[in-house]
Amino acid sequence: MITEAPGWLPPPANLHVSSSEVHIWRISLNLPGALLTQLHETLSADERARAARFVFAQDRDHFIAGRGALRDILGLILHQPPDRLCFSYNAYGKPALTSEPGGISFNVAHSHGLALVGVAHGHMLGVDIEYIRPDVNVEQLARQFFSPREASALLALPEGLRQKAFFSCWARKEAYIKARGEGLSIPLDQFDVSLVPGQPAALLSTPSGDVEEWHLSGLDAGPGYEAALAVRGHNLTIHRWAWSARS
């Protein structure tokens with residue numbers, strides 16, 4: 001059973017992530033210059049170097065905002081200064097805290113000025129957020145990347161519902177892949193998720209047959225977006241927080 005608490009709310013002062021909880025944070029990446037400067041100071045040397053390599057200022061600022069907010073959130077949960085946190089990366093590029101083997105896990109996604117951070121304790125999880133672009137040929141992309149079952153379900157929908165359904169499906173598939181932490185070694189067309197608007201988010205099939213071990217949830221990130229959470233586990237409560245920088 002999965003319980004979803006009301007959101008998006010300001011977080012409590014004494015935040016704790018138990019093994020029966022998943023915490024999702026929504027972050028605006030369009031931040032004022034003074035706050036960006038504050039967050040930039042918490043980044044590691046390699047993160048600052050990465051920020052400096054962005055060609056466009058907006059991309060650089062969004063990276064600083066997202067990475068700085070992630071550090072702020074994890075620092076709040078772990079009661080550590082954000083600039084003291086250290087990350088490692090697996091072979092597919094998924095980050096983890098070097099000080100929390102088997103403990104706190106997290107995942108990050110961003111799109112069109114918004115980011116999501118998912119945090120759990122002892123559970124694999126992935127989040128994704130997609131801006132619903134009206135200029136995308138969703139029928140062609142569905143045939144190319146989705147499973148036959150998903151492509152058929154999409155094409156069976158009225159044309160006016162297909163754009164939303166496509167990005168909903170994409171977010172759910174990305175969340176599951178990110179939770180597994182194995183990149184595109186899991187082809188997108190080799191597992192199935194639900195996509196019909198109004199129906200619950202669900203993982204319908206996987207190559208390994210472990211559907212029952214996972215929970216897939218749609219997230220209301222805001223108008224114009226589709227978002228999803230995939231987590232390995234059950235009997236969990238999902239909390240949704242609105243991030244703002246600590247003074």
# chains A, B, ... in the order shown; residues from 1 in each chain; ligands from 1
>>> residues_around(residues="A:Ala230", least_positions_apart="5", cutoff="8 Å", atoms="only C-alpha atoms", output="MDAnalysis selection string")
chainID A and resid 125:127 172 175:176 179 214:217
>>> residues_around(residues="stretch 22-24 of chain A", least_positions_apart="4", cutoff="9 Å", atoms="only C-alpha atoms", output="PyMOL selection string")
chain A and resi 8+17-18+116-121+123+125+127+229+231+236-242
>>> residues_around(residues="A:Leu184", least_positions_apart="4", cutoff="10 Å", atoms="only C-alpha atoms", output="JSON list (two decimals) with N, CA and C atoms, in the first residue's frame")
[["chain", "number", "residue", "atom", "x", "y", "z"],
["A", 92, "TYR", "N", 26.90, 3.89, -14.99],
["A", 92, "TYR", "CA", 25.92, 4.54, -15.87],
["A", 92, "TYR", "C", 25.70, 6.01, -15.50],
["A", 174, "GLU", "N", 11.21, 6.70, -17.89],
["A", 174, "GLU", "CA", 12.48, 7.25, -17.44],
["A", 174, "GLU", "C", 12.65, 7.07, -15.93],
["A", 177, "ILE", "N", 13.72, 3.45, -15.31],
["A", 177, "ILE", "CA", 15.11, 3.22, -15.73],
["A", 177, "ILE", "C", 16.09, 3.88, -14.76],
["A", 178, "LYS", "N", 15.76, 5.10, -14.34],
["A", 178, "LYS", "CA", 16.66, 5.80, -13.41],
["A", 178, "LYS", "C", 16.68, 5.12, -12.05],
["A", 188, "LEU", "N", 13.99, 0.97, -23.87],
["A", 188, "LEU", "CA", 12.69, 1.52, -23.55],
["A", 188, "LEU", "C", 11.54, 0.65, -24.05]]
>>> residues_around(residues="A:Ala165", least_positions_apart="3", cutoff="7 Å", atoms="only C-alpha atoms", output="PyMOL selection string")
chain A and resi 154+161-162+168-169+195-197
>>> select_by_dssp(residues="stretch 127-156 of chain A", states="alpha helix (DSSP H)", output="ChimeraX atom specification")
/A:138-145,148-155
>>> write_last_selection(atoms="N, CA, C and O atoms", output="compact mmCIF listing (two decimals), in the first residue's frame")
# COMPACT_ATOMS: atom_id res chain seq x y z
N VAL A 138 4.54 12.90 -31.55
CA VAL A 138 4.49 11.85 -30.55
C VAL A 138 4.18 10.49 -31.16
O VAL A 138 4.63 9.46 -30.65
N GLU A 139 3.41 10.47 -32.24
CA GLU A 139 3.10 9.18 -32.88
C GLU A 139 4.37 8.53 -33.42
O GLU A 139 4.60 7.33 -33.23
N GLN A 140 5.20 9.32 -34.10
CA GLN A 140 6.44 8.78 -34.66
C GLN A 140 7.38 8.30 -33.57
O GLN A 140 7.96 7.22 -33.66
N LEU A 141 7.55 9.11 -32.51
CA LEU A 141 8.46 8.75 -31.42
C LEU A 141 7.95 7.52 -30.65
O LEU A 141 8.74 6.69 -30.21
N ALA A 142 6.64 7.42 -30.50
CA ALA A 142 6.09 6.25 -29.81
C ALA A 142 6.38 4.98 -30.59
O ALA A 142 6.76 3.95 -30.00
N ARG A 143 6.22 5.02 -31.89
CA ARG A 143 6.53 3.84 -32.71
C ARG A 143 8.01 3.49 -32.63
O ARG A 143 8.39 2.31 -32.69
N GLN A 144 8.86 4.52 -32.48
CA GLN A 144 10.30 4.31 -32.48
C GLN A 144 10.83 3.81 -31.15
O GLN A 144 11.73 2.96 -31.10
N PHE A 145 10.28 4.32 -30.03
CA PHE A 145 10.88 4.06 -28.72
C PHE A 145 10.01 3.26 -27.76
O PHE A 145 10.54 2.60 -26.87
N PRO A 148 5.48 -2.16 -28.28
CA PRO A 148 4.29 -2.28 -29.13
C PRO A 148 2.99 -2.06 -28.37
O PRO A 148 2.05 -1.43 -28.88
N ARG A 149 2.93 -2.56 -27.14
CA ARG A 149 1.73 -2.39 -26.32
C ARG A 149 1.46 -0.92 -26.03
O ARG A 149 0.32 -0.45 -26.13
N GLU A 150 2.51 -0.17 -25.68
CA GLU A 150 2.36 1.25 -25.37
C GLU A 150 2.01 2.06 -26.61
O GLU A 150 1.16 2.96 -26.57
N ALA A 151 2.70 1.77 -27.72
CA ALA A 151 2.43 2.50 -28.96
C ALA A 151 0.99 2.29 -29.41
O ALA A 151 0.30 3.24 -29.83
N SER A 152 0.49 1.07 -29.29
CA SER A 152 -0.90 0.79 -29.66
C SER A 152 -1.87 1.54 -28.76
O SER A 152 -2.88 2.08 -29.23
N ALA A 153 -1.56 1.57 -27.46
CA ALA A 153 -2.44 2.28 -26.52
C ALA A 153 -2.46 3.77 -26.83
O ALA A 153 -3.52 4.42 -26.76
N LEU A 154 -1.31 4.34 -27.18
CA LEU A 154 -1.25 5.76 -27.50
C LEU A 154 -2.04 6.07 -28.76
O LEU A 154 -2.83 7.02 -28.80
N LEU A 155 -1.84 5.29 -29.81
CA LEU A 155 -2.50 5.55 -31.08
C LEU A 155 -4.00 5.30 -31.02
O LEU A 155 -4.74 5.79 -31.88
>>> closest_residue(among="A:Asp83, A:Asp135, A:Asp59, A:Asp72", to="A:Trp25", atoms="only C-alpha atoms")
A:Asp72
>>> atom_distance(atom1="atom CA of A:Leu157", atom2="atom CA of A:Ile186")
26.5 Å
>>> residues_around(residues="stretch 51-58 of chain A", least_positions_apart="3", cutoff="10 Å", atoms="only C-alpha atoms", output="count of residues only")
14
>>> select_by_dssp(residues="stretch 27-236 of chain A", states="strand (DSSP E or B)", output="PyMOL selection string")
chain A and resi 27-28+87-89+95-97+104-111+114-121+125-131+192-193+203-205+214-219+225-232+236
>>> closest_residue(among="A:Pro200, A:Arg60, A:Ala245, A:His110", to="A:Pro11", atoms="only C-alpha atoms")
A:Ala245
>>> atom_distance(atom1="atom CA of A:Gly218", atom2="atom CA of A:Leu203")
11.2 Å
>>> atom_distance(atom1="atom CA of A:Pro6", atom2="atom CA of A:Leu78")
23.4 Å
>>> decode(residues="stretch 49-75 of chain A", atoms="N, CA, C and O atoms", output="PDB file, in the first residue's frame")
ATOM      1  N   ALA A  49      33.446  23.492 -12.099  1.00  0.00           N
ATOM      2  CA  ALA A  49      34.060  23.383 -13.425  1.00  0.00           C
ATOM      3  C   ALA A  49      33.008  22.977 -14.465  1.00  0.00           C
ATOM      4  O   ALA A  49      33.006  23.483 -15.593  1.00  0.00           O
ATOM      5  N   ARG A  50      32.137  22.086 -14.073  1.00  0.00           N
ATOM      6  CA  ARG A  50      31.073  21.667 -14.996  1.00  0.00           C
ATOM      7  C   ARG A  50      30.148  22.825 -15.302  1.00  0.00           C
ATOM      8  O   ARG A  50      29.749  23.029 -16.457  1.00  0.00           O
ATOM      9  N   ALA A  51      29.798  23.615 -14.283  1.00  0.00           N
ATOM     10  CA  ALA A  51      28.937  24.778 -14.495  1.00  0.00           C
ATOM     11  C   ALA A  51      29.586  25.769 -15.463  1.00  0.00           C
ATOM     12  O   ALA A  51      28.912  26.355 -16.318  1.00  0.00           O
ATOM     13  N   ALA A  52      30.880  25.948 -15.341  1.00  0.00           N
ATOM     14  CA  ALA A  52      31.591  26.913 -16.180  1.00  0.00           C
ATOM     15  C   ALA A  52      31.635  26.494 -17.641  1.00  0.00           C
ATOM     16  O   ALA A  52      31.862  27.333 -18.525  1.00  0.00           O
ATOM     17  N   ARG A  53      31.432  25.213 -17.918  1.00  0.00           N
ATOM     18  CA  ARG A  53      31.514  24.727 -19.298  1.00  0.00           C
ATOM     19  C   ARG A  53      30.230  24.951 -20.092  1.00  0.00           C
ATOM     20  O   ARG A  53      30.216  24.778 -21.314  1.00  0.00           O
ATOM     21  N   PHE A  54      29.150  25.331 -19.426  1.00  0.00           N
ATOM     22  CA  PHE A  54      27.912  25.580 -20.163  1.00  0.00           C
ATOM     23  C   PHE A  54      28.068  26.814 -21.046  1.00  0.00           C
ATOM     24  O   PHE A  54      28.595  27.846 -20.618  1.00  0.00           O
ATOM     25  N   VAL A  55      27.595  26.721 -22.269  1.00  0.00           N
ATOM     26  CA  VAL A  55      27.716  27.827 -23.219  1.00  0.00           C
ATOM     27  C   VAL A  55      26.709  28.929 -22.903  1.00  0.00           C
ATOM     28  O   VAL A  55      27.038  30.121 -22.946  1.00  0.00           O
ATOM     29  N   PHE A  56      25.489  28.519 -22.562  1.00  0.00           N
ATOM     30  CA  PHE A  56      24.427  29.495 -22.332  1.00  0.00           C
ATOM     31  C   PHE A  56      24.243  29.748 -20.844  1.00  0.00           C
ATOM     32  O   PHE A  56      24.264  28.816 -20.029  1.00  0.00           O
ATOM     33  N   ALA A  57      24.048  31.028 -20.509  1.00  0.00           N
ATOM     34  CA  ALA A  57      23.955  31.434 -19.102  1.00  0.00           C
ATOM     35  C   ALA A  57      22.789  30.754 -18.397  1.00  0.00           C
ATOM     36  O   ALA A  57      22.906  30.350 -17.231  1.00  0.00           O
ATOM     37  N   GLN A  58      21.653  30.601 -19.079  1.00  0.00           N
ATOM     38  CA  GLN A  58      20.491  29.982 -18.428  1.00  0.00           C
ATOM     39  C   GLN A  58      20.776  28.526 -18.072  1.00  0.00           C
ATOM     40  O   GLN A  58      20.412  28.070 -16.985  1.00  0.00           O
ATOM     41  N   ASP A  59      21.449  27.805 -18.966  1.00  0.00           N
ATOM     42  CA  ASP A  59      21.800  26.417 -18.671  1.00  0.00           C
ATOM     43  C   ASP A  59      22.749  26.335 -17.477  1.00  0.00           C
ATOM     44  O   ASP A  59      22.615  25.464 -16.620  1.00  0.00           O
ATOM     45  N   ARG A  60      23.716  27.250 -17.435  1.00  0.00           N
ATOM     46  CA  ARG A  60      24.651  27.286 -16.304  1.00  0.00           C
ATOM     47  C   ARG A  60      23.920  27.579 -15.001  1.00  0.00           C
ATOM     48  O   ARG A  60      24.137  26.902 -13.986  1.00  0.00           O
ATOM     49  N   ASP A  61      23.037  28.579 -15.024  1.00  0.00           N
ATOM     50  CA  ASP A  61      22.320  28.957 -13.805  1.00  0.00           C
ATOM     51  C   ASP A  61      21.389  27.840 -13.335  1.00  0.00           C
ATOM     52  O   ASP A  61      21.263  27.597 -12.128  1.00  0.00           O
ATOM     53  N   HIS A  62      20.750  27.163 -14.273  1.00  0.00           N
ATOM     54  CA  HIS A  62      19.872  26.056 -13.899  1.00  0.00           C
ATOM     55  C   HIS A  62      20.663  24.897 -13.292  1.00  0.00           C
ATOM     56  O   HIS A  62      20.194  24.237 -12.360  1.00  0.00           O
ATOM     57  N   PHE A  63      21.845  24.645 -13.818  1.00  0.00           N
ATOM     58  CA  PHE A  63      22.682  23.597 -13.229  1.00  0.00           C
ATOM     59  C   PHE A  63      23.082  23.960 -11.803  1.00  0.00           C
ATOM     60  O   PHE A  63      23.003  23.124 -10.893  1.00  0.00           O
ATOM     61  N   ILE A  64      23.503  25.191 -11.591  1.00  0.00           N
ATOM     62  CA  ILE A  64      23.891  25.632 -10.250  1.00  0.00           C
ATOM     63  C   ILE A  64      22.704  25.538  -9.297  1.00  0.00           C
ATOM     64  O   ILE A  64      22.832  25.074  -8.153  1.00  0.00           O
ATOM     65  N   ALA A  65      21.529  25.981  -9.768  1.00  0.00           N
ATOM     66  CA  ALA A  65      20.334  25.935  -8.919  1.00  0.00           C
ATOM     67  C   ALA A  65      19.981  24.494  -8.551  1.00  0.00           C
ATOM     68  O   ALA A  65      19.707  24.190  -7.384  1.00  0.00           O
ATOM     69  N   GLY A  66      19.982  23.614  -9.536  1.00  0.00           N
ATOM     70  CA  GLY A  66      19.607  22.226  -9.271  1.00  0.00           C
ATOM     71  C   GLY A  66      20.591  21.513  -8.377  1.00  0.00           C
ATOM     72  O   GLY A  66      20.208  20.818  -7.426  1.00  0.00           O
ATOM     73  N   ARG A  67      21.878  21.690  -8.666  1.00  0.00           N
ATOM     74  CA  ARG A  67      22.892  21.002  -7.865  1.00  0.00           C
ATOM     75  C   ARG A  67      22.972  21.600  -6.468  1.00  0.00           C
ATOM     76  O   ARG A  67      23.134  20.875  -5.469  1.00  0.00           O
ATOM     77  N   GLY A  68      22.852  22.918  -6.378  1.00  0.00           N
ATOM     78  CA  GLY A  68      22.883  23.556  -5.067  1.00  0.00           C
ATOM     79  C   GLY A  68      21.689  23.182  -4.217  1.00  0.00           C
ATOM     80  O   GLY A  68      21.813  22.952  -3.004  1.00  0.00           O
ATOM     81  N   ALA A  69      20.500  23.107  -4.844  1.00  0.00           N
ATOM     82  CA  ALA A  69      19.296  22.702  -4.106  1.00  0.00           C
ATOM     83  C   ALA A  69      19.418  21.255  -3.630  1.00  0.00           C
ATOM     84  O   ALA A  69      19.018  20.929  -2.507  1.00  0.00           O
ATOM     85  N   LEU A  70      19.966  20.380  -4.484  1.00  0.00           N
ATOM     86  CA  LEU A  70      20.181  18.986  -4.078  1.00  0.00           C
ATOM     87  C   LEU A  70      21.075  18.919  -2.846  1.00  0.00           C
ATOM     88  O   LEU A  70      20.765  18.201  -1.878  1.00  0.00           O
ATOM     89  N   ARG A  71      22.163  19.649  -2.871  1.00  0.00           N
ATOM     90  CA  ARG A  71      23.062  19.654  -1.708  1.00  0.00           C
ATOM     91  C   ARG A  71      22.358  20.198  -0.471  1.00  0.00           C
ATOM     92  O   ARG A  71      22.538  19.700   0.647  1.00  0.00           O
ATOM     93  N   ASP A  72      21.550  21.240  -0.656  1.00  0.00           N
ATOM     94  CA  ASP A  72      20.833  21.827   0.476  1.00  0.00           C
ATOM     95  C   ASP A  72      19.861  20.819   1.078  1.00  0.00           C
ATOM     96  O   ASP A  72      19.770  20.668   2.309  1.00  0.00           O
ATOM     97  N   ILE A  73      19.128  20.096   0.219  1.00  0.00           N
ATOM     98  CA  ILE A  73      18.158  19.109   0.686  1.00  0.00           C
ATOM     99  C   ILE A  73      18.849  17.968   1.426  1.00  0.00           C
ATOM    100  O   ILE A  73      18.441  17.577   2.534  1.00  0.00           O
ATOM    101  N   LEU A  74      19.890  17.410   0.833  1.00  0.00           N
ATOM    102  CA  LEU A  74      20.591  16.293   1.477  1.00  0.00           C
ATOM    103  C   LEU A  74      21.286  16.746   2.762  1.00  0.00           C
ATOM    104  O   LEU A  74      21.330  15.996   3.747  1.00  0.00           O
ATOM    105  N   GLY A  75      21.801  17.956   2.756  1.00  0.00           N
ATOM    106  CA  GLY A  75      22.406  18.477   3.974  1.00  0.00           C
ATOM    107  C   GLY A  75      21.396  18.635   5.092  1.00  0.00           C
ATOM    108  O   GLY A  75      21.684  18.348   6.267  1.00  0.00           O
TER     109      GLY A  75
END
